[in-house]
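**Q** Input file: upload_0.pdb. Contents: PDB, C-alpha atoms (C1' of nucleotides).
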```pdb
MODEL        1
ATOM      1  CA  MET A   1      53.425  98.103  91.189  1.00  0.00           C
ATOM      2  CA  ASP A   2      50.691  95.734  90.068  1.00  0.00           C
ATOM      3  CA  VAL A   3      51.953  92.270  90.823  1.00  0.00           C
ATOM      4  CA  GLU A   4      49.030  90.501  89.207  1.00  0.00           C
ATOM      5  CA  GLU A   5      49.584  92.392  85.970  1.00  0.00           C
ATOM      6  CA  ILE A   6      53.239  91.394  85.874  1.00  0.00           C
ATOM      7  CA  ILE A   7      52.535  87.707  86.471  1.00  0.00           C
ATOM      8  CA  SER A   8      49.632  87.789  84.039  1.00  0.00           C
ATOM      9  CA  ARG A   9      51.891  89.150  81.294  1.00  0.00           C
ATOM     10  CA  LEU A  10      54.581  86.582  82.047  1.00  0.00           C
ATOM     11  CA  LYS A  11      52.003  83.797  81.827  1.00  0.00           C
ATOM     12  CA  LYS A  12      50.970  85.031  78.381  1.00  0.00           C
ATOM     13  CA  LEU A  13      54.604  85.307  77.321  1.00  0.00           C
ATOM     14  CA  TYR A  14      55.400  81.795  78.556  1.00  0.00           C
ATOM     15  CA  PRO A  15      52.073  79.903  78.304  1.00  0.00           C
ATOM     16  CA  LYS A  16      53.716  76.520  78.792  1.00  0.00           C
ATOM     17  CA  GLY A  17      55.581  77.670  81.885  1.00  0.00           C
ATOM     18  CA  TYR A  18      58.856  76.058  82.771  1.00  0.00           C
ATOM     19  CA  PHE A  19      59.401  72.651  81.206  1.00  0.00           C
ATOM     20  CA  HIS A  20      60.510  69.777  83.395  1.00  0.00           C
ATOM     21  CA  ILE A  21      61.484  66.454  81.902  1.00  0.00           C
ATOM     22  CA  ASN A  22      60.531  64.590  85.066  1.00  0.00           C
ATOM     23  CA  ARG A  23      58.594  65.719  88.139  1.00  0.00           C
ATOM     24  CA  ASP A  24      59.361  62.707  90.261  1.00  0.00           C
ATOM     25  CA  PRO A  25      60.431  64.117  93.672  1.00  0.00           C
ATOM     26  CA  TYR A  26      63.716  62.246  93.864  1.00  0.00           C
ATOM     27  CA  TYR A  27      64.647  63.063  90.272  1.00  0.00           C
ATOM     28  CA  LEU A  28      63.723  66.688  90.781  1.00  0.00           C
ATOM     29  CA  LEU A  29      65.633  66.921  94.046  1.00  0.00           C
ATOM     30  CA  ILE A  30      68.820  65.539  92.520  1.00  0.00           C
ATOM     31  CA  SER A  31      68.533  67.559  89.315  1.00  0.00           C
ATOM     32  CA  THR A  32      67.914  70.744  91.293  1.00  0.00           C
ATOM     33  CA  VAL A  33      70.995  70.213  93.440  1.00  0.00           C
ATOM     34  CA  LEU A  34      72.998  69.621  90.263  1.00  0.00           C
ATOM     35  CA  SER A  35      71.567  72.816  88.772  1.00  0.00           C
ATOM     36  CA  GLN A  36      72.920  75.064  91.535  1.00  0.00           C
ATOM     37  CA  ARG A  37      75.071  77.792  89.942  1.00  0.00           C
ATOM     38  CA  THR A  38      74.923  75.818  86.693  1.00  0.00           C
ATOM     39  CA  ARG A  39      73.100  76.400  83.403  1.00  0.00           C
ATOM     40  CA  ASP A  40      70.226  73.978  82.961  1.00  0.00           C
ATOM     41  CA  GLU A  41      71.236  73.250  79.356  1.00  0.00           C
ATOM     42  CA  VAL A  42      74.123  71.430  81.012  1.00  0.00           C
ATOM     43  CA  THR A  43      72.207  70.030  83.982  1.00  0.00           C
ATOM     44  CA  ILE A  44      69.398  68.329  82.071  1.00  0.00           C
ATOM     45  CA  PRO A  45      71.474  65.888  79.987  1.00  0.00           C
ATOM     46  CA  THR A  46      73.832  65.267  82.911  1.00  0.00           C
ATOM     47  CA  THR A  47      70.946  64.310  85.198  1.00  0.00           C
ATOM     48  CA  GLN A  48      69.587  61.923  82.591  1.00  0.00           C
ATOM     49  CA  LYS A  49      72.994  60.342  82.194  1.00  0.00           C
ATOM     50  CA  LEU A  50      73.314  59.979  85.982  1.00  0.00           C
ATOM     51  CA  PHE A  51      69.851  58.428  86.327  1.00  0.00           C
ATOM     52  CA  SER A  52      70.528  55.932  83.573  1.00  0.00           C
ATOM     53  CA  VAL A  53      72.916  54.381  86.095  1.00  0.00           C
ATOM     54  CA  PHE A  54      71.635  55.434  89.534  1.00  0.00           C
ATOM     55  CA  ASP A  55      67.873  56.075  89.505  1.00  0.00           C
ATOM     56  CA  THR A  56      66.941  55.392  93.128  1.00  0.00           C
ATOM     57  CA  PRO A  57      68.172  56.468  96.589  1.00  0.00           C
ATOM     58  CA  GLN A  58      69.130  52.838  97.188  1.00  0.00           C
ATOM     59  CA  LYS A  59      71.465  52.749  94.180  1.00  0.00           C
ATOM     60  CA  MET A  60      72.845  56.252  94.735  1.00  0.00           C
ATOM     61  CA  ALA A  61      73.533  55.673  98.433  1.00  0.00           C
ATOM     62  CA  SER A  62      75.829  52.751  97.767  1.00  0.00           C
ATOM     63  CA  ALA A  63      77.456  54.210  94.666  1.00  0.00           C
ATOM     64  CA  ASP A  64      81.168  54.858  94.304  1.00  0.00           C
ATOM     65  CA  VAL A  65      81.744  58.597  94.782  1.00  0.00           C
ATOM     66  CA  ASP A  66      84.375  58.603  92.022  1.00  0.00           C
ATOM     67  CA  GLU A  67      81.892  57.162  89.541  1.00  0.00           C
ATOM     68  CA  ILE A  68      79.326  59.847  90.426  1.00  0.00           C
ATOM     69  CA  ARG A  69      82.014  62.499  90.179  1.00  0.00           C
ATOM     70  CA  GLU A  70      82.882  61.512  86.626  1.00  0.00           C
ATOM     71  CA  LEU A  71      79.234  61.222  85.584  1.00  0.00           C
ATOM     72  CA  ILE A  72      78.427  64.785  86.704  1.00  0.00           C
ATOM     73  CA  ARG A  73      81.738  66.491  85.872  1.00  0.00           C
ATOM     74  CA  GLU A  74      80.249  68.947  83.353  1.00  0.00           C
ATOM     75  CA  VAL A  75      77.965  70.662  85.895  1.00  0.00           C
ATOM     76  CA  GLY A  76      80.887  71.976  87.910  1.00  0.00           C
ATOM     77  CA  PHE A  77      81.294  71.809  91.701  1.00  0.00           C
ATOM     78  CA  TYR A  78      81.354  68.098  90.933  1.00  0.00           C
ATOM     79  CA  ASN A  79      83.373  67.059  93.957  1.00  0.00           C
ATOM     80  CA  VAL A  80      81.103  68.474  96.633  1.00  0.00           C
ATOM     81  CA  LYS A  81      77.970  67.717  94.622  1.00  0.00           C
ATOM     82  CA  ALA A  82      78.904  64.042  94.183  1.00  0.00           C
ATOM     83  CA  GLN A  83      79.392  63.651  97.925  1.00  0.00           C
ATOM     84  CA  ARG A  84      76.149  65.460  98.650  1.00  0.00           C
ATOM     85  CA  LEU A  85      74.107  63.298  96.267  1.00  0.00           C
ATOM     86  CA  ILE A  86      75.306  60.198  98.086  1.00  0.00           C
ATOM     87  CA  GLU A  87      74.768  61.737 101.518  1.00  0.00           C
ATOM     88  CA  ILE A  88      71.285  62.977 100.571  1.00  0.00           C
ATOM     89  CA  SER A  89      70.367  59.483  99.429  1.00  0.00           C
ATOM     90  CA  ARG A  90      71.692  57.933 102.634  1.00  0.00           C
ATOM     91  CA  VAL A  91      69.708  60.367 104.801  1.00  0.00           C
ATOM     92  CA  LEU A  92      66.571  59.704 102.737  1.00  0.00           C
ATOM     93  CA  LEU A  93      66.993  55.981 103.374  1.00  0.00           C
ATOM     94  CA  ASP A  94      67.919  56.327 107.050  1.00  0.00           C
ATOM     95  CA  GLU A  95      65.489  59.030 108.119  1.00  0.00           C
ATOM     96  CA  TYR A  96      62.682  59.150 105.558  1.00  0.00           C
ATOM     97  CA  ASP A  97      62.145  55.561 104.449  1.00  0.00           C
ATOM     98  CA  GLY A  98      63.623  56.427 101.050  1.00  0.00           C
ATOM     99  CA  ILE A  99      60.863  58.957 100.349  1.00  0.00           C
ATOM    100  CA  VAL A 100      61.544  62.648  99.622  1.00  0.00           C
ATOM    101  CA  PRO A 101      59.713  64.695 102.287  1.00  0.00           C
ATOM    102  CA  ASP A 102      57.195  67.313 101.130  1.00  0.00           C
ATOM    103  CA  ASP A 103      58.017  69.713 103.969  1.00  0.00           C
ATOM    104  CA  ILE A 104      60.339  72.720 103.815  1.00  0.00           C
ATOM    105  CA  ASP A 105      61.789  72.195 107.292  1.00  0.00           C
ATOM    106  CA  GLU A 106      62.686  68.592 106.501  1.00  0.00           C
ATOM    107  CA  LEU A 107      64.048  69.320 103.021  1.00  0.00           C
ATOM    108  CA  VAL A 108      66.492  71.988 104.176  1.00  0.00           C
ATOM    109  CA  LYS A 109      68.019  69.514 106.606  1.00  0.00           C
ATOM    110  CA  LEU A 110      69.387  67.553 103.646  1.00  0.00           C
ATOM    111  CA  PRO A 111      73.013  68.377 102.796  1.00  0.00           C
ATOM    112  CA  GLY A 112      73.304  70.814  99.913  1.00  0.00           C
ATOM    113  CA  VAL A 113      69.623  71.739 100.078  1.00  0.00           C
ATOM    114  CA  GLY A 114      68.839  75.377 100.930  1.00  0.00           C
ATOM    115  CA  ARG A 115      65.555  77.243 100.681  1.00  0.00           C
ATOM    116  CA  LYS A 116      65.747  77.774  96.915  1.00  0.00           C
ATOM    117  CA  THR A 117      66.289  74.093  96.159  1.00  0.00           C
ATOM    118  CA  ALA A 118      63.726  72.960  98.741  1.00  0.00           C
ATOM    119  CA  ASN A 119      61.077  75.321  97.413  1.00  0.00           C
ATOM    120  CA  CYS A 120      61.718  74.167  93.857  1.00  0.00           C
ATOM    121  CA  VAL A 121      61.029  70.590  94.929  1.00  0.00           C
ATOM    122  CA  LEU A 122      57.889  71.670  96.782  1.00  0.00           C
ATOM    123  CA  THR A 123      56.457  73.618  93.845  1.00  0.00           C
ATOM    124  CA  TYR A 124      57.552  71.487  90.885  1.00  0.00           C
ATOM    125  CA  ALA A 125      57.321  67.982  92.372  1.00  0.00           C
ATOM    126  CA  PHE A 126      54.561  68.419  94.955  1.00  0.00           C
ATOM    127  CA  ASP A 127      52.642  71.363  93.479  1.00  0.00           C
ATOM    128  CA  LYS A 128      52.758  73.125  96.855  1.00  0.00           C
ATOM    129  CA  ASP A 129      52.365  76.851  97.466  1.00  0.00           C
ATOM    130  CA  ALA A 130      55.890  78.219  97.893  1.00  0.00           C
ATOM    131  CA  ILE A 131      58.213  80.775  96.310  1.00  0.00           C
ATOM    132  CA  ALA A 132      61.627  79.555  95.189  1.00  0.00           C
ATOM    133  CA  VAL A 133      63.835  82.644  95.135  1.00  0.00           C
ATOM    134  CA  ASP A 134      66.962  82.365  93.042  1.00  0.00           C
ATOM    135  CA  THR A 135      69.089  85.171  91.618  1.00  0.00           C
ATOM    136  CA  HIS A 136      66.583  85.782  88.792  1.00  0.00           C
ATOM    137  CA  VAL A 137      63.577  86.114  91.106  1.00  0.00           C
ATOM    138  CA  HIS A 138      65.592  88.261  93.499  1.00  0.00           C
ATOM    139  CA  ARG A 139      66.885  90.586  90.779  1.00  0.00           C
ATOM    140  CA  ILE A 140      63.642  90.981  88.838  1.00  0.00           C
ATOM    141  CA  SER A 141      61.483  91.477  91.939  1.00  0.00           C
ATOM    142  CA  ASN A 142      63.718  94.346  92.994  1.00  0.00           C
ATOM    143  CA  ARG A 143      64.138  95.799  89.505  1.00  0.00           C
ATOM    144  CA  MET A 144      60.399  95.931  88.983  1.00  0.00           C
ATOM    145  CA  GLY A 145      59.770  97.429  92.383  1.00  0.00           C
ATOM    146  CA  LEU A 146      57.862  94.501  93.867  1.00  0.00           C
ATOM    147  CA  VAL A 147      60.193  94.463  96.848  1.00  0.00           C
ATOM    148  CA  GLU A 148      63.232  96.269  98.178  1.00  0.00           C
ATOM    149  CA  THR A 149      65.517  93.639  99.622  1.00  0.00           C
ATOM    150  CA  ASP A 150      69.163  92.686  99.993  1.00  0.00           C
ATOM    151  CA  THR A 151      68.949  88.903 100.220  1.00  0.00           C
ATOM    152  CA  PRO A 152      66.916  86.089  98.602  1.00  0.00           C
ATOM    153  CA  GLU A 153      65.619  85.084 102.037  1.00  0.00           C
ATOM    154  CA  GLU A 154      64.258  88.588 102.527  1.00  0.00           C
ATOM    155  CA  THR A 155      62.771  88.547  99.033  1.00  0.00           C
ATOM    156  CA  GLU A 156      60.905  85.331  99.759  1.00  0.00           C
ATOM    157  CA  ILE A 157      59.324  86.856 102.859  1.00  0.00           C
ATOM    158  CA  GLU A 158      58.401  90.131 101.151  1.00  0.00           C
ATOM    159  CA  LEU A 159      57.008  88.474  98.005  1.00  0.00           C
ATOM    160  CA  GLU A 160      54.730  86.336 100.154  1.00  0.00           C
ATOM    161  CA  LYS A 161      53.195  89.556 101.447  1.00  0.00           C
ATOM    162  CA  VAL A 162      52.456  91.138  98.072  1.00  0.00           C
ATOM    163  CA  VAL A 163      51.598  88.150  95.878  1.00  0.00           C
ATOM    164  CA  ASP A 164      48.428  86.057  96.030  1.00  0.00           C
ATOM    165  CA  LYS A 165      49.187  82.605  97.374  1.00  0.00           C
ATOM    166  CA  GLU A 166      47.781  80.886  94.302  1.00  0.00           C
ATOM    167  CA  MET A 167      50.484  82.539  92.176  1.00  0.00           C
ATOM    168  CA  TRP A 168      53.444  81.616  94.375  1.00  0.00           C
ATOM    169  CA  LYS A 169      54.295  78.403  92.578  1.00  0.00           C
ATOM    170  CA  ASP A 170      54.345  80.159  89.185  1.00  0.00           C
ATOM    171  CA  ILE A 171      56.814  82.894  90.102  1.00  0.00           C
ATOM    172  CA  ASN A 172      60.052  80.950  89.926  1.00  0.00           C
ATOM    173  CA  GLY A 173      59.628  79.363  86.508  1.00  0.00           C
ATOM    174  CA  LEU A 174      58.236  82.485  84.883  1.00  0.00           C
ATOM    175  CA  MET A 175      60.901  84.822  86.245  1.00  0.00           C
ATOM    176  CA  VAL A 176      63.707  82.412  85.356  1.00  0.00           C
ATOM    177  CA  LEU A 177      62.543  82.304  81.729  1.00  0.00           C
ATOM    178  CA  PHE A 178      62.091  86.078  81.719  1.00  0.00           C
ATOM    179  CA  GLY A 179      65.432  86.650  83.443  1.00  0.00           C
ATOM    180  CA  LYS A 180      67.404  84.505  81.017  1.00  0.00           C
ATOM    181  CA  SER A 181      65.918  85.953  77.844  1.00  0.00           C
ATOM    182  CA  ILE A 182      64.872  89.565  78.501  1.00  0.00           C
ATOM    183  CA  CYS A 183      65.452  90.879  82.008  1.00  0.00           C
ATOM    184  CA  ARG A 184      69.033  89.676  82.093  1.00  0.00           C
ATOM    185  CA  PRO A 185      71.489  90.558  84.880  1.00  0.00           C
ATOM    186  CA  VAL A 186      73.524  92.810  82.571  1.00  0.00           C
ATOM    187  CA  SER A 187      72.372  94.576  79.440  1.00  0.00           C
ATOM    188  CA  PRO A 188      68.677  93.654  79.735  1.00  0.00           C
ATOM    189  CA  LYS A 189      66.647  93.922  76.528  1.00  0.00           C
ATOM    190  CA  CYS A 190      64.455  96.773  77.685  1.00  0.00           C
ATOM    191  CA  ASP A 191      63.802  97.825  74.085  1.00  0.00           C
ATOM    192  CA  VAL A 192      61.810  94.674  73.360  1.00  0.00           C
ATOM    193  CA  CYS A 193      60.418  94.112  76.859  1.00  0.00           C
ATOM    194  CA  ILE A 194      56.669  93.690  77.398  1.00  0.00           C
ATOM    195  CA  MET A 195      56.980  95.332  80.835  1.00  0.00           C
ATOM    196  CA  ASN A 196      58.263  98.567  79.339  1.00  0.00           C
ATOM    197  CA  ASP A 197      55.237 100.657  80.316  1.00  0.00           C
ATOM    198  CA  ILE A 198      55.118  99.548  83.959  1.00  0.00           C
ATOM    199  CA  CYS A 199      58.773  98.937  84.803  1.00  0.00           C
ATOM    200  CA  PRO A 200      60.522 101.535  87.005  1.00  0.00           C
ATOM    201  CA  LYS A 201      63.715 100.756  85.064  1.00  0.00           C
ATOM    202  CA  LEU A 202      65.974 101.117  88.047  1.00  0.00           C
ATOM    203  CA  ILE A 203      68.840  99.618  86.138  1.00  0.00           C
TER     204      ILE A 203
ATOM    205  C1'  DA B   1      80.896  89.035 105.750  1.00  0.00           C
ATOM    206  C1'  DA B   2      83.741  86.527 102.676  1.00  0.00           C
ATOM    207  C1'  DA B   3      85.667  82.466 100.655  1.00  0.00           C
ATOM    208  C1'  DA B   4      85.306  78.151  98.389  1.00  0.00           C
ATOM    209  C1'  DC B   5      83.459  74.956  95.203  1.00  0.00           C
ATOM    210  C1'  DG B   6      84.279  74.478  88.857  1.00  0.00           C
ATOM    211  C1'  DG B   7      83.649  72.929  84.042  1.00  0.00           C
ATOM    212  C1'  DG B   8      81.664  74.926  80.022  1.00  0.00           C
ATOM    213  C1'  DG B   9      79.881  78.429  77.108  1.00  0.00           C
ATOM    214  C1'  DG B  10      79.549  83.411  75.599  1.00  0.00           C
ATOM    215  C1'  DC B  11      81.999  87.207  74.139  1.00  0.00           C
TER     216       DC B  11
ATOM    217  C1'  DG C   1      91.623  85.070  78.127  1.00  0.00           C
ATOM    218  C1'  DC C   2      88.072  86.741  81.179  1.00  0.00           C
ATOM    219  C1'  DC C   3      83.541  86.468  83.220  1.00  0.00           C
ATOM    220  C1'  DC C   4      79.305  84.393  84.490  1.00  0.00           C
ATOM    221  C1'  DC C   5      76.106  80.618  85.673  1.00  0.00           C
ATOM    222  C1'  DA C   6      68.262  77.646  88.761  1.00  0.00           C
ATOM    223  C1'  DG C   7      73.331  78.248  95.672  1.00  0.00           C
ATOM    224  C1'  DT C   8      74.980  76.325  99.823  1.00  0.00           C
ATOM    225  C1'  DT C   9      78.297  75.474 103.255  1.00  0.00           C
ATOM    226  C1'  DT C  10      82.331  76.634 105.717  1.00  0.00           C
ATOM    227  C1'  DT C  11      85.654  79.885 107.576  1.00  0.00           C
TER     228       DT C  11
ENDMDL
END
```
Rewrite the structure of this file - the entire thing - as structure tokens.
**A**
Amino acid sequence: MDVEEIISRLKKLYPKGYFHINRDPYYLLISTVLSQRTRDEVTIPTTQKLFSVFDTPQKMASADVDEIRELIREVGFYNVKAQRLIEISRVLLDEYDGIVPDDIDELVKLPGVGRKTANCVLTYAFDKDAIAVDTHVHRISNRMGLVETDTPEETEIELEKVVDKEMWKDINGLMVLFGKSICRPVSPKCDVCIMNDICPKLI
DNA sequence: AAAACGGGGGC
DNA sequence: GCCCCAGTTTT
């Protein structure tokens, strides 16, 4: 399977890539945590609403957890997420001088931040070379025969072997857009898919 | 390895 | 009314 061809086609299909309203590291970190297992149509306005009140680690760290909880209710998992946002902000202040670290090993130490979230921050906020593997990237990479893996962690490792480093940061956004519109989890739109001629169609 | 966290939208 | 969604932590 020609990885470069796949990414090249996705870039043509989505020339503007994935749109982010704000690439500030703290904003992106918080919005990405809020987006876990949640549609971004919901996450985007909720994050803006939250930041209209608490827009810095200093403000968030001393916020009332009940107020955060109500502000983010629509994204779901609001109880644990509200506590994590406050705890993340406190750790940033205590351990990192209020600055979001640009290192994977430091980011994953933050509560509620796993490899997917950390790699999103690295690629979108810091423009670093990393692959953020979510369910879309995991599913599509396997469907198209780029890798054969059981877990996102495994997929990240295998993708790094078969994709040029300069393309790593593009994978997540492109495959998310592709995965939501065409290569969906169930009933993918293979009949209108631009990968039709090169896809193994292992569905 | 499996459960738990969850409101909102699609069907 | 049922099922799924830019995951991560806990049991």
**Q** Any chance you could resolve the PyMOL selection byres ((chain A and resi 87-93) around 9) against this file and give the residues as number ranges by chain?
**A** A: 30, 56-62, 82-86, 94-101, 110-113
**Q** Please, could you write that set of residues out with C-alpha atoms as a compact mmCIF listing (two decimals), keeping the file's coordinate frame?
**A**
```txt
# COMPACT_ATOMS: atom_id res chain seq x y z
CA ILE A 30 68.82 65.54 92.52
CA THR A 56 66.94 55.39 93.13
CA PRO A 57 68.17 56.47 96.59
CA GLN A 58 69.13 52.84 97.19
CA LYS A 59 71.46 52.75 94.18
CA MET A 60 72.84 56.25 94.74
CA ALA A 61 73.53 55.67 98.43
CA SER A 62 75.83 52.75 97.77
CA ALA A 82 78.90 64.04 94.18
CA GLN A 83 79.39 63.65 97.92
CA ARG A 84 76.15 65.46 98.65
CA LEU A 85 74.11 63.30 96.27
CA ILE A 86 75.31 60.20 98.09
CA ASP A 94 67.92 56.33 107.05
CA GLU A 95 65.49 59.03 108.12
CA TYR A 96 62.68 59.15 105.56
CA ASP A 97 62.14 55.56 104.45
CA GLY A 98 63.62 56.43 101.05
CA ILE A 99 60.86 58.96 100.35
CA VAL A 100 61.54 62.65 99.62
CA PRO A 101 59.71 64.69 102.29
CA LEU A 110 69.39 67.55 103.65
CA PRO A 111 73.01 68.38 102.80
CA GLY A 112 73.30 70.81 99.91
CA VAL A 113 69.62 71.74 100.08
```
**Q** Name the residues in contact with DC5 of chain B at a cut-off of 9 Å, using all atoms listed in the file, excluding same-chain residues fewer than 4 positions from it; report them as number ranges by chain.
**A** A: 76-80
**Q** Given the selection you just returned, output its residues as a file containing C-alpha atoms, formatted as a compact mmCIF listing (two decimals), in the coordinates of the input.
**A**
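out.txt, written as the output of this step:
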```txt
# COMPACT_ATOMS: atom_id res chain seq x y z
CA GLY A 76 80.89 71.98 87.91
CA PHE A 77 81.29 71.81 91.70
CA TYR A 78 81.35 68.10 90.93
CA ASN A 79 83.37 67.06 93.96
CA VAL A 80 81.10 68.47 96.63
```
**Q** At a cut-off of 10 Å, can you tabulate as a Markdown table every residue of chain C near chain A together with its closest atom pair and the distance in Å to one decimal, using all atoms listed in the file and ordering rows by chain then number?
**A**
```
| residue | atom | partner | partner_atom | distance |
| --- | --- | --- | --- | --- |
| C:DC4 | C1' | A:Arg37 | CA | 9.6 |
| C:DC5 | C1' | A:Thr38 | CA | 5.0 |
| C:DA6 | C1' | A:Ser35 | CA | 5.9 |
| C:DG7 | C1' | A:Gln36 | CA | 5.2 |
| C:DT8 | C1' | A:Gly112 | CA | 5.8 |
| C:DT9 | C1' | A:Gly112 | CA | 7.6 |
```
**Q** For this structure, which residues satisfy the selection - the PyMOL selection byres ((chain B) within 10 of (chain A)) - when it is evaluated on the file as given? I want them as a ChimeraX atom specification.
**A** /B:5-9
**Q** Check which residues satisfy the PyMOL selection byres ((chain B and resi 1) around 12) in the file shown, then give them as a ChimeraX atom specification.
**A** /B:2-3 /C:11
**Q** Do you have the atom C1' of DG10 of chain B-atom CA of Ile171 of chain A distance handy?
**A**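 Distance between the two atoms: 27.0 Å.
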**Q** As an exercise, work out the distance from atom CA of Tyr27 of chain A to atom CA of Ala63 of chain A in Å and give it to one decimal place.
**A**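 Atom-to-atom, atom CA of Tyr27 of chain A to atom CA of Ala63 of chain A, that is 16.2 Å.
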**Q** So how far away is atom CA of Arg23 of chain A from atom CA of Thr46 of chain A, in Å?
**A** 16.1 Å
**Q** List the spatial neighbours of Glu4 of chain A as a short mmCIF file (atom, residue, chain, number, x, y, z; two decimals) with C-alpha atoms, keeping the file's coordinate frame - criterion: any atom at most 12 Å away, all atoms listed in the file, same-chain residues fewer than 4 positions off excluded.
**A**
```cif
data_model
loop_
_atom_site.label_atom_id
_atom_site.label_comp_id
_atom_site.auth_asym_id
_atom_site.auth_seq_id
_atom_site.Cartn_x
_atom_site.Cartn_y
_atom_site.Cartn_z
CA SER A 8 49.63 87.79 84.04
CA ARG A 9 51.89 89.15 81.29
CA LEU A 10 54.58 86.58 82.05
CA LYS A 11 52.00 83.80 81.83
CA LEU A 146 57.86 94.50 93.87
CA VAL A 162 52.46 91.14 98.07
CA VAL A 163 51.60 88.15 95.88
CA ASP A 164 48.43 86.06 96.03
CA LYS A 165 49.19 82.60 97.37
CA GLU A 166 47.78 80.89 94.30
CA MET A 167 50.48 82.54 92.18
CA TRP A 168 53.44 81.62 94.38
CA ASP A 170 54.34 80.16 89.18
CA ILE A 171 56.81 82.89 90.10
#
```
**Q** Kindly list the centre and edge lengths in Å, rounded to one decimal, for the axis-aligned box that covers all listed atoms of segment 25-40 of chain A plus 3 Å on each of its six sides, as lines of an AutoDock Vina configuration file.
**A**
```
center_x = 67.8
center_y = 70.0
center_z = 88.5
size_x = 20.6
size_y = 21.5
size_z = 17.1
```
**Q** Which one is closest to Asp102 of chain A: A:Lys49, A:Leu29, A:Gly145, A:Thr155? Count all atoms listed in the file.
**A**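 Answer, going by the shortest atom-to-atom distance: A:Leu29.
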**Q** Take segment 147-160 of chain A, model N, CA, C and O atoms, and hand the result over as a tab-separated table (two decimals), in the frame of the given file.
**A**
```
chain	number	residue	atom	x	y	z
A	147	VAL	N	59.62	94.48	95.50
A	147	VAL	CA	60.19	94.46	96.85
A	147	VAL	C	61.45	95.33	96.85
A	147	VAL	O	61.94	95.73	95.79
A	148	GLU	N	61.93	95.62	98.04
A	148	GLU	CA	63.23	96.27	98.18
A	148	GLU	C	64.02	95.48	99.20
A	148	GLU	O	63.87	95.68	100.40
A	149	THR	N	64.84	94.58	98.72
A	149	THR	CA	65.52	93.64	99.62
A	149	THR	C	66.97	93.44	99.25
A	149	THR	O	67.39	93.71	98.13
A	150	ASP	N	67.74	92.92	100.22
A	150	ASP	CA	69.16	92.69	99.99
A	150	ASP	C	69.49	91.22	99.79
A	150	ASP	O	70.51	90.89	99.18
A	151	THR	N	68.65	90.33	100.30
A	151	THR	CA	68.95	88.90	100.22
A	151	THR	C	67.75	88.13	99.68
A	151	THR	O	66.60	88.58	99.80
A	152	PRO	N	68.00	86.96	99.08
A	152	PRO	CA	66.92	86.09	98.60
A	152	PRO	C	65.95	85.69	99.72
A	152	PRO	O	64.73	85.62	99.49
A	153	GLU	N	66.48	85.46	100.91
A	153	GLU	CA	65.62	85.08	102.04
A	153	GLU	C	64.61	86.19	102.32
A	153	GLU	O	63.42	85.94	102.55
A	154	GLU	N	65.11	87.43	102.31
A	154	GLU	CA	64.26	88.59	102.53
A	154	GLU	C	63.22	88.70	101.41
A	154	GLU	O	62.04	89.00	101.64
A	155	THR	N	63.67	88.47	100.19
A	155	THR	CA	62.77	88.55	99.03
A	155	THR	C	61.63	87.56	99.15
A	155	THR	O	60.48	87.88	98.85
A	156	GLU	N	61.94	86.35	99.59
A	156	GLU	CA	60.90	85.33	99.76
A	156	GLU	C	59.83	85.81	100.73
A	156	GLU	O	58.63	85.72	100.45
A	157	ILE	N	60.26	86.38	101.84
A	157	ILE	CA	59.32	86.86	102.86
A	157	ILE	C	58.47	88.01	102.33
A	157	ILE	O	57.25	88.03	102.50
A	158	GLU	N	59.13	88.96	101.64
A	158	GLU	CA	58.40	90.13	101.15
A	158	GLU	C	57.45	89.78	100.01
A	158	GLU	O	56.35	90.33	99.91
A	159	LEU	N	57.87	88.89	99.12
A	159	LEU	CA	57.01	88.47	98.00
A	159	LEU	C	55.74	87.80	98.52
A	159	LEU	O	54.66	87.97	97.97
A	160	GLU	N	55.90	87.02	99.59
A	160	GLU	CA	54.73	86.34	100.15
A	160	GLU	C	53.68	87.33	100.63
A	160	GLU	O	52.49	87.02	100.67
```
